[in-house]
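Engineer: Mind having a look at this structure? Questions to follow.
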Amino acid sequence: MDNDFRKQLVLKQVGEEHLAQYDELLSYVFQVTESDIENSGYENKREMVRSKKPILEQSKVFGWFHEDNLISQIAIYPCEVNIHGKIFQMGGVTGVGTYPEYANHGLMKELIETALNEMRSDRQWISYLYPYNIPYYRRKGWEIMSDKLSFKIKDTQLPKQVDLPGIVERKEVDDPDVYQVYNEFALNNHGAMIRKDLNWEEYWRFENEEERIAAIYYDANKKPTGVLFYWISDEVFHIKEMFYLNQEARNGLWNFISAHFSMVYWVKGDIFKNEPLSFLLDDSEISETIAPFFMARIVDVKEFLLEFPFEKAVEPFYFVVEDPIAEWNNGIFALSWNQAGELSISDQPKGKRIALDIQTLTCMLMNYRRAAYLARIERLEADKQAIELLETIIPDMEAYFSDYF
């Protein structure tokens, strides 16, 4: 792309009037066919485009235009997530794409810089995205934060029934009890999306309506404490997601699945954290596959650290951070607590030194990998005492994230 042509391009916010172009670009980049659209429950492409309008209305979308033709774009989807028990505003990066003839000319780099600046202005101190190219997004500062575990169980390997005081009822997926259980679950699980109406719409967007059933476990007090989204086809019991508030609810939902023993040969499903199902089954010889699912990125290191729920106050230490895109994240971030346990951050080194890049800092604080492991593989530089300090103050809960946008 020569400089004269580059001068013809304009970077600006994408409005509702560009909705058709927005979806056309996504369809081309990700090769979404009419068949894909129909299989997801939409009658045609026009219906799908209309369904995307609320996302465009609530998101900030930026794009490069050539003669009012959208050629490259990025969207920031406003969300809330639970980070170790603290609710954060999160910028979900989605709708990323560039027509092939305009690729490799730095357009997306500038769009990402614009997106990070916007998220920072909107106090979205952390960003999530679904990576279609993990190495690319790592170079831009994102890192893996959660996994998806896919499993396959024979009918003969299903767990035995457990005597429980509650019952399971089949309901619509938008039943109020579904929302009640998920809301409580999300508030108690690190990494999870705090779903509002729009988030639920996105959650189901590409699922066929005929394949949406909710099974809800109610305890002895009639309180809903567990939910299973599933469908059955070709003698396979498919689990989309299972979330529960306690082990009684978990056992109750598995009782329900096992009750289909005579109807299915296989049970297939996903778990959205690195928590092997095999350990919980009597017959553990099942097929399990773990793959990276979502990535995260700290947008503003100082602000994120100030709000991060560290386990306790400790002696001062400082991070030396490198960020390939967000220049405000480069430098020293010294953490110290006063007698009241209040955290302050300065740019003057104090205490133990910990050097790492923005990807590793994100990975560590999201607890995808612990500090000791990251030091062992040389992703961070610190002495033994500094690593032990990090191990004591970063909450030890793996991220759960089951949404897609």
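Going through the structure tokens in order, the chains are called A, B, and so on, while each chain numbers its residues from 1 and the ligands are numbered from 1 in the order shown.
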Taking only segment 85-307 of chain A into account, list the residues labelled strand (DSSP E or B) by DSSP (computed from the backbone), as a PyMOL selection string.

Structural biologist: chain A and resi 86-98+126-129+143-154+167-171+193+213-218+224-233+236-244+266-271+287-298

Engineer: Hey, what does DSSP flag as helix (DSSP H, G or I) within segment 161-304 of chain A? Can you give it to me as a PyMOL selection string?

Structural biologist: chain A and resi 176-187+197-204+209-211+247-258+278-280+301-304

Engineer: Any idea what's packed within 6 Å of Phe319 of chain A, counting only C-alpha atoms, ignoring anything in its chain fewer than 2 positions away? Could you give it as a list in words?

Structural biologist: Val321, Ile332, Phe333, Ile354 and Ala355 of chain A

Engineer: Could you write those residues out with N, CA, C and O atoms, as a compact mmCIF listing (two decimals), in the first residue's frame?

Structural biologist:
# COMPACT_ATOMS: atom_id res chain seq x y z
N VAL A 321 7.34 -3.21 33.90
CA VAL A 321 6.44 -3.76 32.88
C VAL A 321 6.82 -3.27 31.49
O VAL A 321 7.18 -2.10 31.31
N ILE A 332 7.82 1.54 35.72
CA ILE A 332 7.86 1.02 37.08
C ILE A 332 6.52 1.27 37.78
O ILE A 332 5.96 2.37 37.70
N PHE A 333 6.03 0.23 38.45
CA PHE A 333 4.82 0.33 39.25
C PHE A 333 5.14 -0.25 40.63
O PHE A 333 5.20 -1.46 40.81
N ILE A 354 10.41 -7.04 40.22
CA ILE A 354 9.78 -8.11 39.44
C ILE A 354 9.62 -7.57 38.01
O ILE A 354 8.85 -6.63 37.78
N ALA A 355 10.34 -8.14 37.07
CA ALA A 355 10.30 -7.67 35.68
C ALA A 355 9.52 -8.65 34.82
O ALA A 355 9.77 -9.87 34.88

Engineer: Could you tell me how far atom CA of Met366 of chain A lies from atom CA of Met145 of chain A, in Å and to one decimal?

Structural biologist: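 Computed distance, atom CA of Met366 of chain A to atom CA of Met145 of chain A, equals 6.3 Å.
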
Engineer: Just checking: using only C-alpha atoms, which residue out of A:Pro78, A:Pro316, A:Gly226, A:Gly252 ends up closest to Leu390 of chain A?

Structural biologist: A:Pro316

Engineer: Pick from A:Ile393, A:Ile144, A:Ala186, A:Met242: nearest to Trp254 of chain A, with only C-alpha atoms counted?

Structural biologist: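 Under the stated criterion, the closest residue is A:Met242.
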
Engineer: For Phe261 of chain A, find every residue with an atom within 12 Å (counting only C-alpha atoms), except residues of its own chain fewer than 3 positions away, and show them as a PyMOL selection string.

Structural biologist: chain A and resi 153-161+235-237+254-258+264-267

Engineer: Mind dumping the selected residues with N, CA, C and O atoms as a JSON list (two decimals), in the first residue's frame?

Structural biologist:
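And here's part38.json as it stands now:
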[["chain", "number", "residue", "atom", "x", "y", "z"],
["A", 153, "ILE", "N", -18.17, -39.15, 27.12],
["A", 153, "ILE", "CA", -18.37, -40.24, 28.08],
["A", 153, "ILE", "C", -19.29, -41.29, 27.48],
["A", 153, "ILE", "O", -20.35, -40.95, 26.92],
["A", 154, "LYS", "N", -18.94, -42.55, 27.60],
["A", 154, "LYS", "CA", -19.83, -43.63, 27.19],
["A", 154, "LYS", "C", -21.01, -43.72, 28.16],
["A", 154, "LYS", "O", -20.89, -43.35, 29.33],
["A", 155, "ASP", "N", -22.11, -44.25, 27.66],
["A", 155, "ASP", "CA", -23.28, -44.41, 28.54],
["A", 155, "ASP", "C", -22.96, -45.29, 29.75],
["A", 155, "ASP", "O", -23.47, -45.07, 30.85],
["A", 156, "THR", "N", -22.09, -46.27, 29.57],
["A", 156, "THR", "CA", -21.73, -47.18, 30.66],
["A", 156, "THR", "C", -20.81, -46.53, 31.69],
["A", 156, "THR", "O", -20.59, -47.10, 32.76],
["A", 157, "GLN", "N", -20.28, -45.36, 31.38],
["A", 157, "GLN", "CA", -19.38, -44.66, 32.31],
["A", 157, "GLN", "C", -20.07, -43.56, 33.10],
["A", 157, "GLN", "O", -19.43, -42.90, 33.92],
["A", 158, "LEU", "N", -21.36, -43.38, 32.85],
["A", 158, "LEU", "CA", -22.08, -42.33, 33.57],
["A", 158, "LEU", "C", -22.10, -42.62, 35.07],
["A", 158, "LEU", "O", -22.15, -43.78, 35.48],
["A", 159, "PRO", "N", -22.02, -41.59, 35.90],
["A", 159, "PRO", "CA", -21.98, -41.81, 37.35],
["A", 159, "PRO", "C", -23.27, -42.45, 37.86],
["A", 159, "PRO", "O", -24.35, -42.24, 37.29],
["A", 160, "LYS", "N", -23.13, -43.20, 38.94],
["A", 160, "LYS", "CA", -24.30, -43.83, 39.55],
["A", 160, "LYS", "C", -25.18, -42.77, 40.22],
["A", 160, "LYS", "O", -24.71, -41.72, 40.63],
["A", 161, "GLN", "N", -26.46, -43.09, 40.30],
["A", 161, "GLN", "CA", -27.39, -42.18, 40.93],
["A", 161, "GLN", "C", -27.04, -41.98, 42.41],
["A", 161, "GLN", "O", -26.63, -42.92, 43.10],
["A", 235, "GLU", "N", -28.72, -39.96, 19.41],
["A", 235, "GLU", "CA", -28.36, -40.77, 20.58],
["A", 235, "GLU", "C", -27.14, -40.24, 21.33],
["A", 235, "GLU", "O", -26.38, -40.98, 21.94],
["A", 236, "VAL", "N", -26.95, -38.92, 21.24],
["A", 236, "VAL", "CA", -25.89, -38.23, 21.98],
["A", 236, "VAL", "C", -26.52, -37.16, 22.86],
["A", 236, "VAL", "O", -27.34, -36.36, 22.39],
["A", 237, "PHE", "N", -26.14, -37.15, 24.13],
["A", 237, "PHE", "CA", -26.59, -36.12, 25.07],
["A", 237, "PHE", "C", -25.52, -35.02, 25.05],
["A", 237, "PHE", "O", -24.39, -35.22, 25.48],
["A", 254, "TRP", "N", -26.08, -34.39, 37.37],
["A", 254, "TRP", "CA", -25.53, -35.63, 36.81],
["A", 254, "TRP", "C", -26.51, -36.80, 36.99],
["A", 254, "TRP", "O", -26.55, -37.70, 36.14],
["A", 255, "ASN", "N", -27.30, -36.79, 38.07],
["A", 255, "ASN", "CA", -28.37, -37.78, 38.19],
["A", 255, "ASN", "C", -29.31, -37.68, 37.00],
["A", 255, "ASN", "O", -29.75, -38.69, 36.42],
["A", 256, "PHE", "N", -29.65, -36.45, 36.63],
["A", 256, "PHE", "CA", -30.55, -36.20, 35.51],
["A", 256, "PHE", "C", -29.94, -36.71, 34.21],
["A", 256, "PHE", "O", -30.61, -37.37, 33.39],
["A", 257, "ILE", "N", -28.66, -36.44, 34.00],
["A", 257, "ILE", "CA", -27.99, -36.93, 32.78],
["A", 257, "ILE", "C", -27.97, -38.45, 32.75],
["A", 257, "ILE", "O", -28.29, -39.07, 31.73],
["A", 258, "SER", "N", -27.62, -39.06, 33.88],
["A", 258, "SER", "CA", -27.54, -40.53, 33.95],
["A", 258, "SER", "C", -28.89, -41.18, 33.74],
["A", 258, "SER", "O", -28.97, -42.34, 33.31],
["A", 264, "VAL", "N", -29.32, -42.78, 25.19],
["A", 264, "VAL", "CA", -28.13, -42.27, 24.51],
["A", 264, "VAL", "C", -26.98, -43.25, 24.65],
["A", 264, "VAL", "O", -26.95, -44.09, 25.57],
["A", 265, "TYR", "N", -26.04, -43.14, 23.72],
["A", 265, "TYR", "CA", -24.81, -43.93, 23.80],
["A", 265, "TYR", "C", -23.64, -43.10, 24.33],
["A", 265, "TYR", "O", -22.69, -43.64, 24.88],
["A", 266, "TRP", "N", -23.71, -41.78, 24.12],
["A", 266, "TRP", "CA", -22.61, -40.90, 24.51],
["A", 266, "TRP", "C", -23.14, -39.65, 25.19],
["A", 266, "TRP", "O", -24.25, -39.20, 24.91],
["A", 267, "VAL", "N", -22.31, -39.09, 26.04],
["A", 267, "VAL", "CA", -22.52, -37.76, 26.60],
["A", 267, "VAL", "C", -21.31, -36.92, 26.21],
["A", 267, "VAL", "O", -20.17, -37.30, 26.49]]

Engineer: Rank nothing, just name the residue among A:Ala214, A:Tyr132, A:Ala399, A:Lys268 nearest to Ser233 of chain A, using only C-alpha atoms.

Structural biologist: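 Going through A:Ala214, A:Tyr132, A:Ala399, A:Lys268 one by one, the smallest distance to Ser233 of chain A is for A:Lys268.
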
Engineer: Would you please work out which residue, of A:Ala220, A:Glu118, A:Glu381, A:Asn69, is nearest to Val93 of chain A when using only C-alpha atoms?

Structural biologist: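 Closest to Val93 of chain A of all the choices is A:Glu118.
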
Engineer: Near Phe185 of chain A, within 10 Å and counting only C-alpha atoms, which residues show up once chain neighbours fewer than 5 positions away are dropped, as a list in words?

Structural biologist: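 That gives Tyr179, Gln180, His190, Ala192, Ile194, Thr225, Gly226, Phe243, Tyr244, Leu245 and Asn246 of chain A.
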
Engineer: For Asp403 of chain A, please output as a list in words all residues within 10 Å (counting only C-alpha atoms; exclusion window: fewer than 3 positions along the same chain).

Structural biologist: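 With the cut-off at 10 Å, the set is Tyr130, Ala192, Met193, Arg195, Asn199, Trp200, Glu202, Tyr203, Trp204, Phe272, Phe293, Phe294 and Tyr400 of chain A.
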
Engineer: For Phe317 of chain A, which residue out of A:Leu361, A:Ile167, A:Ala291, A:Ala382 is the nearest one, using only C-alpha atoms?

Structural biologist: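 Counting only C-alpha atoms, the residue closest to Phe317 of chain A is A:Ala382.
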
Engineer: Considering only C-alpha atoms, can you say which of A:Ile271, A:Leu26, A:Ile298, A:Ile112 comes closest to Gly97 of chain A?

Structural biologist: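 Using only C-alpha atoms, the shortest distance to Gly97 of chain A belongs to A:Leu26.
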